[in-house]
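Next up, protein_17.cif (mmCIF, C-alpha atoms):
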data_protein
#
loop_
_atom_site.group_PDB
_atom_site.id
_atom_site.type_symbol
_atom_site.label_atom_id
_atom_site.label_comp_id
_atom_site.auth_asym_id
_atom_site.auth_seq_id
_atom_site.Cartn_x
_atom_site.Cartn_y
_atom_site.Cartn_z
ATOM 1 C CA MET C 1 -14.463 -82.752 -18.983
ATOM 2 C CA ASN C 2 -13.061 -79.406 -17.816
ATOM 3 C CA SER C 3 -10.152 -77.670 -19.528
ATOM 4 C CA ASN C 4 -7.691 -78.683 -16.801
ATOM 5 C CA THR C 5 -8.472 -82.387 -17.246
ATOM 6 C CA ARG C 6 -8.446 -81.992 -21.033
ATOM 7 C CA ASN C 7 -5.021 -80.319 -20.964
ATOM 8 C CA SER C 8 -3.696 -82.969 -18.578
ATOM 9 C CA ALA C 9 -4.852 -85.769 -20.915
ATOM 10 C CA LEU C 10 -3.314 -83.949 -23.886
ATOM 11 C CA LEU C 11 -0.042 -83.605 -21.965
ATOM 12 C CA THR C 12 -0.085 -87.349 -21.255
ATOM 13 C CA GLU C 13 -0.648 -88.071 -24.954
ATOM 14 C CA ILE C 14 2.285 -85.808 -25.875
ATOM 15 C CA PHE C 15 4.394 -87.617 -23.256
ATOM 16 C CA ILE C 16 3.519 -90.946 -24.910
ATOM 17 C CA TYR C 17 4.709 -89.564 -28.289
ATOM 18 C CA ILE C 18 7.964 -88.351 -26.672
ATOM 19 C CA LEU C 19 8.529 -91.796 -25.153
ATOM 20 C CA ALA C 20 7.781 -93.405 -28.516
ATOM 21 C CA ALA C 21 10.401 -91.139 -30.138
ATOM 22 C CA CYS C 22 12.929 -92.111 -27.443
ATOM 23 C CA LEU C 23 12.162 -95.795 -27.982
ATOM 24 C CA LEU C 24 12.574 -95.388 -31.733
ATOM 25 C CA VAL C 25 15.981 -93.713 -31.249
ATOM 26 C CA LEU C 26 16.969 -96.542 -28.895
ATOM 27 C CA ASP C 27 15.802 -99.180 -31.392
ATOM 28 C CA VAL C 28 17.767 -97.611 -34.233
ATOM 29 C CA GLY C 29 20.908 -96.977 -32.202
ATOM 30 C CA LEU C 30 20.863 -99.974 -29.879
ATOM 31 C CA TRP C 31 23.807 -101.777 -31.468
ATOM 32 C CA PRO C 32 26.246 -98.812 -31.401
ATOM 33 C CA LEU C 33 24.916 -97.768 -27.971
ATOM 34 C CA SER C 34 25.572 -101.237 -26.589
ATOM 35 C CA GLY C 35 29.139 -101.059 -27.911
ATOM 36 C CA TRP C 36 29.657 -97.664 -26.291
ATOM 37 C CA TYR C 37 28.154 -98.886 -23.002
ATOM 38 C CA MET C 38 30.359 -101.975 -22.921
ATOM 39 C CA LYS C 39 33.382 -99.798 -23.596
ATOM 40 C CA ILE C 40 32.713 -97.380 -20.709
ATOM 41 C CA ARG C 41 31.878 -100.291 -18.379
ATOM 42 C CA ASN C 42 35.066 -102.151 -19.452
ATOM 43 C CA MET C 43 32.994 -105.170 -20.485
ATOM 44 C CA THR C 44 34.291 -107.632 -23.026
ATOM 45 C CA GLY C 45 32.795 -110.419 -25.076
ATOM 46 C CA GLU C 46 30.650 -110.270 -28.185
ATOM 47 C CA GLY C 47 28.337 -112.958 -26.771
ATOM 48 C CA ILE C 48 27.162 -110.863 -23.849
ATOM 49 C CA ARG C 49 26.678 -107.873 -26.156
ATOM 50 C CA ILE C 50 24.487 -109.897 -28.519
ATOM 51 C CA THR C 51 22.518 -111.329 -25.584
ATOM 52 C CA LEU C 52 21.936 -107.861 -24.149
ATOM 53 C CA VAL C 53 20.851 -106.463 -27.506
ATOM 54 C CA VAL C 54 18.463 -109.383 -28.117
ATOM 55 C CA ILE C 55 16.889 -108.973 -24.652
ATOM 56 C CA LEU C 56 16.609 -105.202 -25.045
ATOM 57 C CA TYR C 57 15.013 -105.572 -28.505
ATOM 58 C CA ALA C 58 12.517 -108.061 -27.060
ATOM 59 C CA CYS C 59 11.747 -105.565 -24.269
ATOM 60 C CA SER C 60 11.424 -102.850 -26.900
ATOM 61 C CA VAL C 61 8.716 -104.857 -28.715
ATOM 62 C CA LEU C 62 6.781 -105.083 -25.447
ATOM 63 C CA GLY C 63 7.469 -101.378 -24.890
ATOM 64 C CA TRP C 64 5.848 -100.515 -28.245
ATOM 65 C CA PHE C 65 2.788 -102.554 -27.282
ATOM 66 C CA ILE C 66 2.626 -100.757 -23.914
ATOM 67 C CA LEU C 67 2.826 -97.347 -25.622
ATOM 68 C CA TRP C 68 0.134 -98.342 -28.126
ATOM 69 C CA LYS C 69 -2.147 -99.544 -25.330
ATOM 70 C CA MET C 70 -1.528 -96.379 -23.281
ATOM 71 C CA LEU C 71 -2.266 -94.251 -26.357
ATOM 72 C CA ARG C 72 -5.596 -96.049 -26.824
ATOM 73 C CA LEU C 73 -6.379 -95.568 -23.134
ATOM 74 C CA ILE C 74 -5.599 -91.854 -23.098
ATOM 75 C CA ARG C 75 -7.548 -91.321 -26.342
ATOM 76 C CA ASN C 76 -10.557 -93.053 -24.766
ATOM 77 C CA ILE C 77 -10.199 -90.822 -21.707
ATOM 78 C CA ARG C 78 -9.996 -87.713 -23.912
ATOM 79 C CA LYS C 79 -13.224 -88.832 -25.621
ATOM 80 C CA GLY C 80 -14.877 -89.146 -22.196
ATOM 81 C CA ILE C 81 -14.922 -92.952 -22.342
ATOM 82 C CA VAL C 82 -13.361 -93.700 -18.955
ATOM 83 C CA PHE C 83 -15.020 -96.400 -16.862
ATOM 84 C CA THR C 84 -15.458 -99.143 -19.459
ATOM 85 C CA GLU C 85 -14.541 -102.814 -19.704
ATOM 86 C CA GLN C 86 -12.376 -101.916 -22.715
ATOM 87 C CA ASN C 87 -10.165 -99.701 -20.541
ATOM 88 C CA VAL C 88 -9.962 -102.432 -17.899
ATOM 89 C CA SER C 89 -8.747 -104.821 -20.641
ATOM 90 C CA ILE C 90 -6.153 -102.257 -21.754
ATOM 91 C CA LEU C 91 -4.804 -101.950 -18.206
ATOM 92 C CA ARG C 92 -4.780 -105.738 -17.821
ATOM 93 C CA ALA C 93 -2.761 -106.020 -21.060
ATOM 94 C CA VAL C 94 -0.334 -103.319 -19.891
ATOM 95 C CA SER C 95 0.222 -105.115 -16.588
ATOM 96 C CA LEU C 96 0.908 -108.388 -18.435
ATOM 97 C CA LEU C 97 3.294 -106.604 -20.808
ATOM 98 C CA CYS C 98 5.140 -105.129 -17.802
ATOM 99 C CA LEU C 99 5.332 -108.634 -16.366
ATOM 100 C CA GLY C 100 6.743 -109.768 -19.711
ATOM 101 C CA VAL C 101 9.478 -107.133 -19.458
ATOM 102 C CA GLY C 102 10.173 -108.377 -15.919
ATOM 103 C CA ILE C 103 10.536 -111.975 -17.103
ATOM 104 C CA LEU C 104 12.786 -111.009 -20.022
ATOM 105 C CA THR C 105 15.062 -108.880 -17.860
ATOM 106 C CA PHE C 106 15.103 -111.611 -15.216
ATOM 107 C CA ALA C 107 16.422 -114.018 -17.855
ATOM 108 C CA GLY C 108 18.892 -111.355 -18.989
ATOM 109 C CA GLY C 109 20.044 -110.846 -15.407
ATOM 110 C CA PHE C 110 21.849 -114.179 -15.510
ATOM 111 C CA PHE C 111 24.074 -112.731 -18.243
ATOM 112 C CA TYR C 112 24.283 -109.177 -16.952
ATOM 113 C CA GLN C 113 23.366 -108.845 -13.243
ATOM 114 C CA PRO C 114 22.253 -105.147 -13.198
ATOM 115 C CA LEU C 115 19.224 -106.229 -15.284
ATOM 116 C CA PHE C 116 17.811 -107.716 -12.062
ATOM 117 C CA PHE C 117 17.159 -104.108 -10.941
ATOM 118 C CA VAL C 118 15.118 -103.566 -14.106
ATOM 119 C CA THR C 119 13.224 -106.774 -13.242
ATOM 120 C CA LEU C 120 12.400 -105.351 -9.840
ATOM 121 C CA ALA C 121 11.228 -102.053 -11.365
ATOM 122 C CA ALA C 122 9.108 -103.886 -13.955
ATOM 123 C CA LEU C 123 7.507 -106.052 -11.270
ATOM 124 C CA PHE C 124 6.692 -102.984 -9.160
ATOM 125 C CA LEU C 125 5.150 -101.368 -12.250
ATOM 126 C CA THR C 126 3.146 -104.559 -12.900
ATOM 127 C CA LEU C 127 1.833 -104.383 -9.348
ATOM 128 C CA VAL C 128 0.886 -100.707 -9.624
ATOM 129 C CA VAL C 129 -0.892 -101.167 -12.969
ATOM 130 C CA ARG C 130 -2.738 -104.231 -11.637
ATOM 131 C CA VAL C 131 -3.990 -102.294 -8.623
ATOM 132 C CA VAL C 132 -5.141 -99.456 -10.919
ATOM 133 C CA LYS C 133 -6.843 -102.095 -13.116
ATOM 134 C CA ASN C 134 -8.652 -103.511 -10.070
ATOM 135 C CA VAL C 135 -9.767 -100.007 -9.059
ATOM 136 C CA MET C 136 -10.964 -99.349 -12.621
ATOM 137 C CA HIS C 137 -12.887 -102.650 -12.640
ATOM 138 C CA LYS C 138 -14.658 -101.690 -9.409
ATOM 139 C CA ALA C 139 -15.392 -98.237 -10.847
ATOM 140 C CA VAL C 140 -16.955 -99.833 -13.960
ATOM 141 C CA GLU C 141 -19.263 -101.870 -11.708
ATOM 142 C CA MET C 142 -20.189 -98.771 -9.696
ATOM 143 C CA LYS C 143 -20.863 -96.775 -12.877
ATOM 144 C CA ASP C 144 -23.155 -99.537 -14.195
ATOM 145 C CA GLU C 145 -25.018 -99.409 -10.906
ATOM 146 C CA LEU C 146 -25.247 -95.621 -11.039
ATOM 147 C CA ASP C 147 -26.383 -95.599 -14.682
ATOM 148 C CA LEU C 148 -29.306 -97.845 -13.736
ATOM 149 C CA THR C 149 -30.300 -95.780 -10.704
ATOM 150 C CA VAL C 150 -33.339 -93.679 -11.547
ATOM 151 C CA MET B 1 -35.665 -119.213 -7.089
ATOM 152 C CA SER B 2 -34.510 -115.671 -7.862
ATOM 153 C CA MET B 3 -36.747 -112.730 -7.185
ATOM 154 C CA ARG B 4 -36.917 -109.299 -8.780
ATOM 155 C CA ILE B 5 -38.715 -106.012 -8.252
ATOM 156 C CA HIS B 6 -41.294 -105.302 -10.943
ATOM 157 C CA VAL B 7 -42.282 -101.662 -11.425
ATOM 158 C CA ASN B 8 -46.011 -101.437 -12.095
ATOM 159 C CA ILE B 9 -45.836 -98.211 -14.087
ATOM 160 C CA ASP B 10 -47.857 -99.380 -17.101
ATOM 161 C CA LEU B 11 -50.843 -100.315 -14.956
ATOM 162 C CA LEU B 12 -50.780 -97.063 -12.992
ATOM 163 C CA LEU B 13 -50.275 -94.987 -16.168
ATOM 164 C CA ALA B 14 -53.349 -96.630 -17.709
ATOM 165 C CA ARG B 15 -55.342 -95.980 -14.539
ATOM 166 C CA GLU B 16 -54.322 -92.299 -14.561
ATOM 167 C CA ARG B 17 -54.746 -92.078 -18.371
ATOM 168 C CA MET B 18 -51.323 -90.514 -18.657
ATOM 169 C CA SER B 19 -48.588 -91.059 -21.250
ATOM 170 C CA ALA B 20 -45.101 -92.164 -20.301
ATOM 171 C CA GLY B 21 -43.610 -88.958 -21.719
ATOM 172 C CA GLU B 22 -45.944 -86.813 -19.647
ATOM 173 C CA LEU B 23 -45.096 -88.752 -16.493
ATOM 174 C CA ALA B 24 -41.385 -88.401 -17.207
ATOM 175 C CA SER B 25 -41.670 -84.633 -17.581
ATOM 176 C CA ARG B 26 -43.873 -84.292 -14.472
ATOM 177 C CA VAL B 27 -41.514 -86.401 -12.355
ATOM 178 C CA GLY B 28 -38.433 -84.700 -13.761
ATOM 179 C CA ILE B 29 -36.650 -87.742 -15.176
ATOM 180 C CA THR B 30 -35.679 -88.469 -18.752
ATOM 181 C CA PRO B 31 -37.889 -90.729 -20.908
ATOM 182 C CA ALA B 32 -34.870 -93.050 -21.162
ATOM 183 C CA ASN B 33 -34.770 -93.430 -17.378
ATOM 184 C CA LEU B 34 -38.516 -93.991 -17.238
ATOM 185 C CA SER B 35 -38.050 -96.697 -19.857
ATOM 186 C CA ILE B 36 -35.374 -98.314 -17.651
ATOM 187 C CA LEU B 37 -37.931 -98.359 -14.826
ATOM 188 C CA LYS B 38 -40.741 -99.670 -17.031
ATOM 189 C CA ASN B 39 -38.622 -102.497 -18.419
ATOM 190 C CA ASP B 40 -37.447 -103.558 -14.941
ATOM 191 C CA LYS B 41 -33.830 -102.794 -15.826
ATOM 192 C CA ALA B 42 -33.304 -100.381 -12.923
ATOM 193 C CA ARG B 43 -30.918 -101.433 -10.169
ATOM 194 C CA ALA B 44 -32.066 -98.752 -7.724
ATOM 195 C CA ILE B 45 -34.556 -95.941 -7.364
ATOM 196 C CA ARG B 46 -33.990 -92.712 -5.437
ATOM 197 C CA PHE B 47 -36.485 -91.825 -2.713
ATOM 198 C CA SER B 48 -37.017 -88.453 -4.441
ATOM 199 C CA THR B 49 -37.987 -90.237 -7.697
ATOM 200 C CA LEU B 50 -40.233 -92.644 -5.822
ATOM 201 C CA ILE B 51 -41.979 -89.778 -4.013
ATOM 202 C CA ALA B 52 -42.496 -87.909 -7.302
ATOM 203 C CA LEU B 53 -43.865 -91.042 -9.005
ATOM 204 C CA CYS B 54 -46.266 -91.712 -6.110
ATOM 205 C CA ARG B 55 -47.382 -88.066 -6.163
ATOM 206 C CA GLU B 56 -48.089 -88.052 -9.911
ATOM 207 C CA LEU B 57 -49.643 -91.521 -10.044
ATOM 208 C CA HIS B 58 -51.635 -91.045 -6.818
ATOM 209 C CA CYS B 59 -50.401 -94.271 -5.300
ATOM 210 C CA GLN B 60 -48.234 -95.730 -2.552
ATOM 211 C CA PRO B 61 -44.754 -97.238 -3.086
ATOM 212 C CA GLY B 62 -46.314 -100.678 -2.536
ATOM 213 C CA ASP B 63 -48.634 -100.132 -5.506
ATOM 214 C CA LEU B 64 -45.677 -99.201 -7.698
ATOM 215 C CA LEU B 65 -43.143 -101.835 -6.660
ATOM 216 C CA VAL B 66 -43.978 -105.526 -6.613
ATOM 217 C CA CYS B 67 -41.616 -108.302 -5.583
ATOM 218 C CA GLU B 68 -42.049 -111.265 -7.911
ATOM 219 C CA GLU B 69 -40.282 -114.309 -9.257
ATOM 220 C CA ALA B 70 -37.729 -113.467 -11.931
ATOM 221 C CA PRO B 71 -38.417 -114.968 -15.358
ATOM 222 C CA GLY B 72 -36.108 -117.801 -16.402
ATOM 223 C CA PRO B 73 -33.501 -117.415 -19.141
ATOM 224 C CA ASP B 74 -35.790 -119.092 -21.716
ATOM 225 C CA ASP B 75 -38.733 -116.868 -20.900
ATOM 226 C CA PRO B 76 -39.643 -114.726 -23.942
ATOM 227 C CA ASP B 77 -40.442 -111.805 -21.604
ATOM 228 C CA ASN B 78 -36.906 -111.812 -20.314
ATOM 229 C CA ASP B 79 -35.044 -109.591 -22.788
#
How does this structure look as structure tokens?
Amino acid sequence: MNSNTRNSALLTEIFIYILAACLLVLDVGLWPLSGWYMKIRNMTGEGIRITLVVILYACSVLGWFILWKMLRLIRNIRKGIVFTEQNVSILRAVSLLCLGVGILTFAGGFFYQPLFFVTLAALFLTLVVRVVKNVMHKAVEMKDELDLTV
Amino acid sequence: MSMRIHVNIDLLLARERMSAGELASRVGITPANLSILKNDKARAIRFSTLIALCRELHCQPGDLLVCEEAPGPDDPDND
């Protein structure tokens, strides 16, 4: 692995930590943030606020899993372990977690319609990660073939 | 019936009275790769490797590679 690739992987790992910090801040401050958001959007009703917070906390749990999986993936890549079945499994899990976020926000969209946009974004992300997973799976097969070519 | 390519290296090594390590160094492949060939684990062989093997073992590709019936799953030779 050359220094450029190594630095890029390190940058990605740092980015994961930054996202984790953001998610932690969001988790801690979700209740007051939801109150502030409802105030600026002139929304009323404690029920909708509780529903939103519950859905966002559920998404946050999936978000933590996604970050953990991505951290494992980038650490494998930094160690030079790239085209392996383990990494394919990680990407498959990430795509399913993204789908989970899509389903949760779809349910939440019936209470707060703008969440449907998040559903759309999550489904696009699911699609992208699945395509990358399929590419990775093919690459694993090709690497196996190459490793056994003398 | 599934078929496989068997690499006759052992026989040719014995005929040439050469060790596997020596062949590997003469051909320019690692002992690990030669072991892959010997144990019929290889999926493909480069023409350059085949030429070098034929040169060192004084044989033709047909002497080295034999198409034969693959052993069944219960066969003790099938590891």
Residue list for chain B near chain C as a list in words, 8 Å, only C-alpha atoms: Ile29, Asn33, Leu34, Ile36, Leu37, Lys41, Ala42, Arg43, Ala44, Ile45, Arg46 and Thr49 of chain B
Put the listed atoms of stretch 48-61 of chain B in a box along x, y and z with 5 Å added on every side and give me the centre and edge lengths in Å to one decimal, as lines of an AutoDock Vina configuration file.
center_x = -44.3
center_y = -92.6
center_z = -6.3
size_x = 24.6
size_y = 19.3
size_z = 17.5
One-decimal distance in Å that lies between atom CA of C:Val135 and atom CA of C:Glu85: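 Value for the atom CA of C:Glu85-atom CA of C:Val135 distance: 12.0 Å.
The gap separating atom CA of B:Asn8 from atom CA of B:Asp63 is 7.2 Å, in Å to one decimal.
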Selection result of the PyMOL selection byres ((chain B and resi 20-22) around 9) on this file, as a list in words: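 Against this file, the PyMOL selection byres ((chain B and resi 20-22) around 9) returns the residues Ile9, Asp10, Leu13, Met18, Ser19, Leu23, Ala24, Ser25, Arg26, Val27, Thr30, Pro31, Leu34 and Ser35 of chain B.
The coordinates place atom CA of C:Leu91 at 21.8 Å from atom CA of C:Asn7.
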Distance query stretch 51-68 of chain C at most 9 Å, all atoms listed in the file, self and fewer than 6 positions along chain excluded, as a PyMOL selection string: chain C and resi 16-17+19-20+23-24+26-27+30-31+34+93-95+97-98+100-102+104-105+107-108+111-112
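Using all atoms listed in the file, the nearest neighbour of C:Ser3 within the list C:Cys22, C:Thr44, C:Lys69, C:Arg78 is C:Arg78.
Using the PyMOL selection byres ((chain C and resi 126-133) around 7) on this structure selects Val88, Leu91, Arg92, Ser95, Cys98, Leu99, Ala122, Leu123, Phe124, Leu125, Asn134, Val135, Met136 and His137 of chain C.
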